[in-house]
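Coordinates from structure-v3.cif are shown below (mmCIF, C-alpha atoms and all ligand atoms).
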```cif
data_start
loop_
_atom_site.group_PDB
_atom_site.id
_atom_site.type_symbol
_atom_site.label_atom_id
_atom_site.label_comp_id
_atom_site.auth_asym_id
_atom_site.auth_seq_id
_atom_site.Cartn_x
_atom_site.Cartn_y
_atom_site.Cartn_z
ATOM 1 C CA MET A 1 -17.093 8.215 117.261
ATOM 2 C CA ARG A 2 -14.703 7.718 114.437
ATOM 3 C CA ILE A 3 -11.042 6.948 114.931
ATOM 4 C CA LEU A 4 -8.330 7.248 112.322
ATOM 5 C CA LEU A 5 -5.687 4.628 113.126
ATOM 6 C CA THR A 6 -2.465 4.910 111.139
ATOM 7 C CA ALA A 7 0.606 2.713 110.799
ATOM 8 C CA PHE A 8 3.659 2.716 108.522
ATOM 9 C CA GLU A 9 5.004 0.658 105.666
ATOM 10 C CA PRO A 10 8.465 -0.966 106.078
ATOM 11 C CA PHE A 11 11.532 1.256 105.792
ATOM 12 C CA GLY A 12 15.316 1.147 105.867
ATOM 13 C CA GLY A 13 15.451 -1.962 103.691
ATOM 14 C CA ALA A 14 13.369 -4.086 106.109
ATOM 15 C CA GLU A 15 10.597 -6.334 104.781
ATOM 16 C CA THR A 16 8.138 -5.690 107.562
ATOM 17 C CA ASN A 17 7.042 -2.971 109.931
ATOM 18 C CA ILE A 18 5.473 -4.256 113.151
ATOM 19 C CA THR A 19 2.861 -1.474 113.038
ATOM 20 C CA GLN A 20 1.625 -2.545 109.592
ATOM 21 C CA SER A 21 1.136 -6.112 110.873
ATOM 22 C CA ILE A 22 -0.632 -4.889 114.016
ATOM 23 C CA LEU A 23 -2.902 -2.622 111.982
ATOM 24 C CA SER A 24 -4.297 -5.638 110.133
ATOM 25 C CA LEU A 25 -4.709 -7.597 113.402
ATOM 26 C CA LEU A 26 -6.652 -4.867 115.199
ATOM 27 C CA PRO A 27 -10.460 -4.847 114.862
ATOM 28 C CA ASN A 28 -12.404 -2.382 112.690
ATOM 29 C CA SER A 29 -14.483 -1.297 115.659
ATOM 30 C CA ILE A 30 -14.162 -1.169 119.439
ATOM 31 C CA ALA A 31 -17.376 -0.647 121.403
ATOM 32 C CA ASP A 32 -19.017 2.440 119.799
ATOM 33 C CA TRP A 33 -15.832 3.412 117.905
ATOM 34 C CA ALA A 34 -15.530 2.905 114.173
ATOM 35 C CA ILE A 35 -11.848 2.490 113.330
ATOM 36 C CA GLU A 36 -10.582 3.626 109.920
ATOM 37 C CA LYS A 37 -7.148 2.232 109.147
ATOM 38 C CA VAL A 38 -4.554 3.854 106.917
ATOM 39 C CA CYS A 39 -0.969 2.764 106.258
ATOM 40 C CA LEU A 40 1.340 5.747 105.665
ATOM 41 C CA PRO A 41 4.415 5.856 103.422
ATOM 42 C CA VAL A 42 7.774 6.391 105.136
ATOM 43 C CA SER A 43 8.327 9.630 103.252
ATOM 44 C CA PHE A 44 8.859 13.079 104.772
ATOM 45 C CA LYS A 45 7.027 14.653 101.838
ATOM 46 C CA ARG A 46 4.274 12.133 101.018
ATOM 47 C CA ALA A 47 3.257 10.961 104.506
ATOM 48 C CA PRO A 48 1.760 14.320 105.635
ATOM 49 C CA ILE A 49 -0.192 14.518 102.362
ATOM 50 C CA VAL A 50 -1.641 11.013 102.821
ATOM 51 C CA LEU A 51 -2.492 11.901 106.424
ATOM 52 C CA ARG A 52 -4.284 15.088 105.358
ATOM 53 C CA GLU A 53 -6.254 13.141 102.743
ATOM 54 C CA ALA A 54 -7.285 10.539 105.330
ATOM 55 C CA ILE A 55 -8.384 13.281 107.746
ATOM 56 C CA ALA A 56 -10.406 14.937 104.959
ATOM 57 C CA THR A 57 -11.984 11.598 104.003
ATOM 58 C CA TYR A 58 -12.892 10.356 107.474
ATOM 59 C CA SER A 59 -13.210 13.525 109.600
ATOM 60 C CA PRO A 60 -12.015 11.584 112.643
ATOM 61 C CA ASP A 61 -12.813 12.544 116.238
ATOM 62 C CA LEU A 62 -9.427 11.178 117.226
ATOM 63 C CA VAL A 63 -6.207 10.219 115.418
ATOM 64 C CA ILE A 64 -4.131 7.390 116.871
ATOM 65 C CA MET A 65 -0.812 6.924 115.116
ATOM 66 C CA LEU A 66 1.421 3.865 115.356
ATOM 67 C CA GLY A 67 5.106 3.781 114.427
ATOM 68 C CA GLN A 68 7.913 1.319 114.924
ATOM 69 C CA CYS A 69 10.869 2.244 117.104
ATOM 70 C CA PRO A 70 14.168 0.420 116.720
ATOM 71 C CA ALA A 71 14.980 -0.167 120.392
ATOM 72 C CA GLY A 72 13.445 -0.552 123.837
ATOM 73 C CA GLU A 73 11.030 -3.045 125.337
ATOM 74 C CA ASN A 74 8.039 -0.847 126.117
ATOM 75 C CA ILE A 75 5.338 0.760 124.020
ATOM 76 C CA ARG A 76 5.882 4.520 124.212
ATOM 77 C CA LEU A 77 3.209 7.203 124.301
ATOM 78 C CA GLU A 78 4.758 10.287 122.737
ATOM 79 C CA ARG A 79 4.083 13.555 124.553
ATOM 80 C CA PHE A 80 5.516 15.952 121.940
ATOM 81 C CA ALA A 81 6.045 16.429 118.236
ATOM 82 C CA ILE A 82 9.048 18.609 117.365
ATOM 83 C CA ASN A 83 9.165 21.174 114.563
ATOM 84 C CA MET A 84 12.211 19.654 112.879
ATOM 85 C CA MET A 85 13.196 16.946 110.401
ATOM 86 C CA ASP A 86 16.646 15.415 110.584
ATOM 87 C CA SER A 87 18.036 12.091 109.535
ATOM 88 C CA THR A 88 21.297 10.414 108.643
ATOM 89 C CA LYS A 89 19.513 7.717 106.674
ATOM 90 C CA GLY A 90 17.143 8.608 103.880
ATOM 91 C CA ASP A 91 13.417 7.983 103.911
ATOM 92 C CA ASN A 92 11.847 5.594 101.375
ATOM 93 C CA ASP A 93 12.233 8.295 98.687
ATOM 94 C CA GLY A 94 15.926 8.743 99.545
ATOM 95 C CA TYR A 95 15.298 12.171 101.076
ATOM 96 C CA ILE A 96 17.714 13.157 103.877
ATOM 97 C CA PRO A 97 16.698 16.347 105.742
ATOM 98 C CA ASN A 98 19.364 18.248 107.668
ATOM 99 C CA GLU A 99 17.865 20.000 110.721
ATOM 100 C CA GLU A 100 15.030 21.243 108.550
ATOM 101 C CA THR A 101 12.193 23.206 110.162
ATOM 102 C CA ILE A 102 8.744 21.834 109.306
ATOM 103 C CA TYR A 103 6.773 25.102 109.592
ATOM 104 C CA ALA A 104 8.784 28.327 110.076
ATOM 105 C CA ASP A 105 5.952 30.181 111.831
ATOM 106 C CA GLN A 106 5.037 27.391 114.240
ATOM 107 C CA PRO A 107 6.182 26.441 117.753
ATOM 108 C CA LEU A 108 9.238 24.277 118.362
ATOM 109 C CA ALA A 109 7.041 21.586 119.892
ATOM 110 C CA LEU A 110 3.369 20.663 119.958
ATOM 111 C CA GLN A 111 1.872 18.560 122.744
ATOM 112 C CA THR A 112 -0.796 15.892 122.573
ATOM 113 C CA PRO A 113 -4.070 16.992 124.184
ATOM 114 C CA LEU A 114 -4.620 13.471 125.520
ATOM 115 C CA PRO A 115 -3.950 12.755 129.217
ATOM 116 C CA ILE A 116 -0.978 10.472 128.666
ATOM 117 C CA LYS A 117 0.061 10.277 132.321
ATOM 118 C CA GLU A 118 -3.366 9.003 133.219
ATOM 119 C CA LEU A 119 -3.249 6.507 130.357
ATOM 120 C CA VAL A 120 0.168 5.181 131.334
ATOM 121 C CA ASN A 121 -0.872 4.916 134.988
ATOM 122 C CA PHE A 122 -3.962 2.908 133.986
ATOM 123 C CA CYS A 123 -1.841 0.568 131.923
ATOM 124 C CA THR A 124 1.125 0.158 134.242
ATOM 125 C CA GLY A 125 -1.390 -0.541 137.017
ATOM 126 C CA ASN A 126 -2.338 -3.478 134.838
ATOM 127 C CA VAL A 127 1.350 -4.358 134.445
ATOM 128 C CA LEU A 128 1.445 -3.539 130.746
ATOM 129 C CA PRO A 129 4.756 -2.553 129.134
ATOM 130 C CA ILE A 130 3.953 1.105 128.449
ATOM 131 C CA GLN A 131 5.829 4.307 129.247
ATOM 132 C CA ILE A 132 5.775 8.014 128.418
ATOM 133 C CA SER A 133 8.339 9.325 125.940
ATOM 134 C CA ASN A 134 9.274 12.975 125.464
ATOM 135 C CA SER A 135 10.682 12.599 121.975
ATOM 136 C CA ALA A 136 9.390 10.752 118.938
ATOM 137 C CA GLY A 137 12.734 11.411 117.216
ATOM 138 C CA LEU A 138 13.126 13.631 114.155
ATOM 139 C CA TYR A 139 12.280 11.065 111.485
ATOM 140 C CA VAL A 140 8.996 10.489 109.619
ATOM 141 C CA CYS A 141 6.963 9.479 112.713
ATOM 142 C CA ASN A 142 7.662 12.843 114.326
ATOM 143 C CA ARG A 143 6.888 14.571 111.016
ATOM 144 C CA VAL A 144 3.363 13.145 110.752
ATOM 145 C CA TYR A 145 2.711 13.619 114.472
ATOM 146 C CA TYR A 146 3.572 17.309 114.048
ATOM 147 C CA GLU A 147 1.214 17.494 111.071
ATOM 148 C CA ALA A 148 -1.685 15.971 113.013
ATOM 149 C CA LEU A 149 -1.228 18.321 115.984
ATOM 150 C CA TYR A 150 -0.648 21.303 113.676
ATOM 151 C CA LEU A 151 -4.024 20.497 112.081
ATOM 152 C CA HIS A 152 -5.553 20.652 115.595
ATOM 153 C CA GLN A 153 -6.431 17.012 115.550
ATOM 154 C CA ARG A 154 -6.858 15.203 118.839
ATOM 155 C CA ALA A 155 -3.898 12.964 118.179
ATOM 156 C CA ILE A 156 -1.595 10.638 120.019
ATOM 157 C CA PHE A 157 1.491 8.872 118.711
ATOM 158 C CA VAL A 158 2.305 5.374 119.931
ATOM 159 C CA HIS A 159 5.760 3.932 119.250
ATOM 160 C CA VAL A 160 5.947 0.124 119.243
ATOM 161 C CA PRO A 161 9.356 -1.550 119.673
ATOM 162 C CA LYS A 162 10.434 -3.563 116.663
ATOM 163 C CA SER A 163 11.286 -6.562 118.836
ATOM 164 C CA MET A 164 7.863 -6.817 120.526
ATOM 165 C CA GLU A 165 5.980 -10.008 119.748
ATOM 166 C CA GLY A 166 3.064 -9.185 117.415
ATOM 167 C CA MET A 167 0.241 -10.762 119.439
ATOM 168 C CA ILE A 168 1.485 -9.161 122.661
ATOM 169 C CA ALA A 169 1.634 -5.759 120.947
ATOM 170 C CA LYS A 170 -1.905 -6.319 119.632
ATOM 171 C CA LYS A 171 -3.238 -7.180 123.124
ATOM 172 C CA VAL A 172 -1.538 -4.181 124.747
ATOM 173 C CA LEU A 173 -2.800 -1.842 122.033
ATOM 174 C CA GLU A 174 -6.365 -3.160 122.319
ATOM 175 C CA PHE A 175 -6.263 -2.457 126.040
ATOM 176 C CA LEU A 176 -4.752 0.967 125.388
ATOM 177 C CA LEU A 177 -7.486 1.804 122.860
ATOM 178 C CA LEU A 178 -10.161 0.938 125.440
ATOM 179 C CA LYS A 179 -8.426 3.149 128.015
ATOM 180 C CA ILE A 180 -8.112 6.008 125.514
ATOM 181 C CA ARG A 181 -11.814 5.585 124.835
ATOM 182 C CA THR A 182 -12.595 6.031 128.542
ATOM 183 C CA CYS A 183 -10.254 9.049 128.872
ATOM 184 C CA VAL A 184 -11.357 10.950 125.787
ATOM 185 C CA LYS A 185 -15.008 10.807 126.763
ATOM 186 C CA TYR A 186 -14.131 13.723 129.023
ATOM 187 C CA ILE A 187 -12.366 15.863 126.436
ATOM 188 C CA LEU A 188 -14.557 15.307 123.350
HETATM 189 N N1 LIG B 201 9.080 4.377 112.375
HETATM 190 C C1 LIG B 201 9.853 5.507 111.888
HETATM 191 C C2 LIG B 201 9.138 5.912 110.620
HETATM 192 C C3 LIG B 201 8.213 4.809 110.287
HETATM 193 C C4 LIG B 201 8.168 3.951 111.468
HETATM 194 O O1 LIG B 201 7.430 2.971 111.633
HETATM 195 C C5 LIG B 201 10.023 6.606 112.932
HETATM 196 O O2 LIG B 201 10.071 6.290 114.143
HETATM 197 O O3 LIG B 201 10.134 7.775 112.576
#
```
If you took the structure in this file and wrote it as structure tokens, what would it be?
Ligand code: PCA
Amino acid sequence: MRILLTAFEPFGGAETNITQSILSLLPNSIADWAIEKVCLPVSFKRAPIVLREAIATYSPDLVIMLGQCPAGENIRLERFAINMMDSTKGDNDGYIPNEETIYADQPLALQTPLPIKELVNFCTGNVLPIQISNSAGLYVCNRVYYEALYLHQRAIFVHVPKSMEGMIAKKVLEFLLLKIRTCVKYIL
């Protein structure tokens, strides 16, 4: 099994992005999974291209995407990607989309094929700070999530709060990866 694990570079003038730090802390394999890591640019136009290239290079069985969210205390498993780009602040290229449709002939929302309720129940049973979210926003994270699901990848997007301590986020994500591994055995 080969996993593509993505994170993002810093954006909005910040010097760090918690997901980039976590990406380097996470191992390159878990049990029988080989984990290929790619850091995506925070760019509406370039990020989907880099994602497509990574998918072509690694042919992953599963795509797990990490992004930083500005608020909240819990890690959020995103249920949907929405077919829209909108932002008041520009991306790292200065691009500011205004309620722009991603693909005109595609559904308003795409849903992860992974059993996220089951995953969250596993984790909250172990008292981990994880919850389901029904919106990944309309910024670059949502854009690449839409791309992955549009390409029929088995993908899941995981938002990590900016304020979460790095080692705690790493531990929770390692546990989550093991649980995803157990769950996806049934759908692969
Ligand atoms: N978070 C942003 C983009 C990059 C990142 O880490 C988002 O939630 O869209």
Take every atom of ligand LIG 201 (chain B) listed in the file, pad by 8 Å on each side, and give me the axis-aligned box centre and edge lengths in Å, one decimal, as JSON.
```
{"center_x": 8.8, "center_y": 5.4, "center_z": 112.2, "size_x": 18.7, "size_y": 20.8, "size_z": 19.9}
```
Determine the nearest neighbour of A:Val140 from the options A:Leu176, A:Val160, A:Met84, A:Met167, counting all atoms listed in the file.
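Nearest to A:Val140: A:Met84.
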Suppose a student applies the PyMOL selection byres (((chain A and resi 144-159) around 6) and not hetatm) to this structure; what residues should they get, written as a PyMOL selection string?
chain A and resi 48+62-69+75-78+81+112+141-143+160
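Take the candidates A:Ser29, A:Asn74, A:Ser87, A:Ser163 and check each one against ligand LIG 201 (chain B) using all atoms listed in the file; the shortest distance goes to A:Ser87.
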Which residues fall under the PyMOL selection byres (((chain A and resi 34) around 9) and not hetatm) in this file, as a PyMOL selection string?
chain A and resi 1-4+28-33+35-36
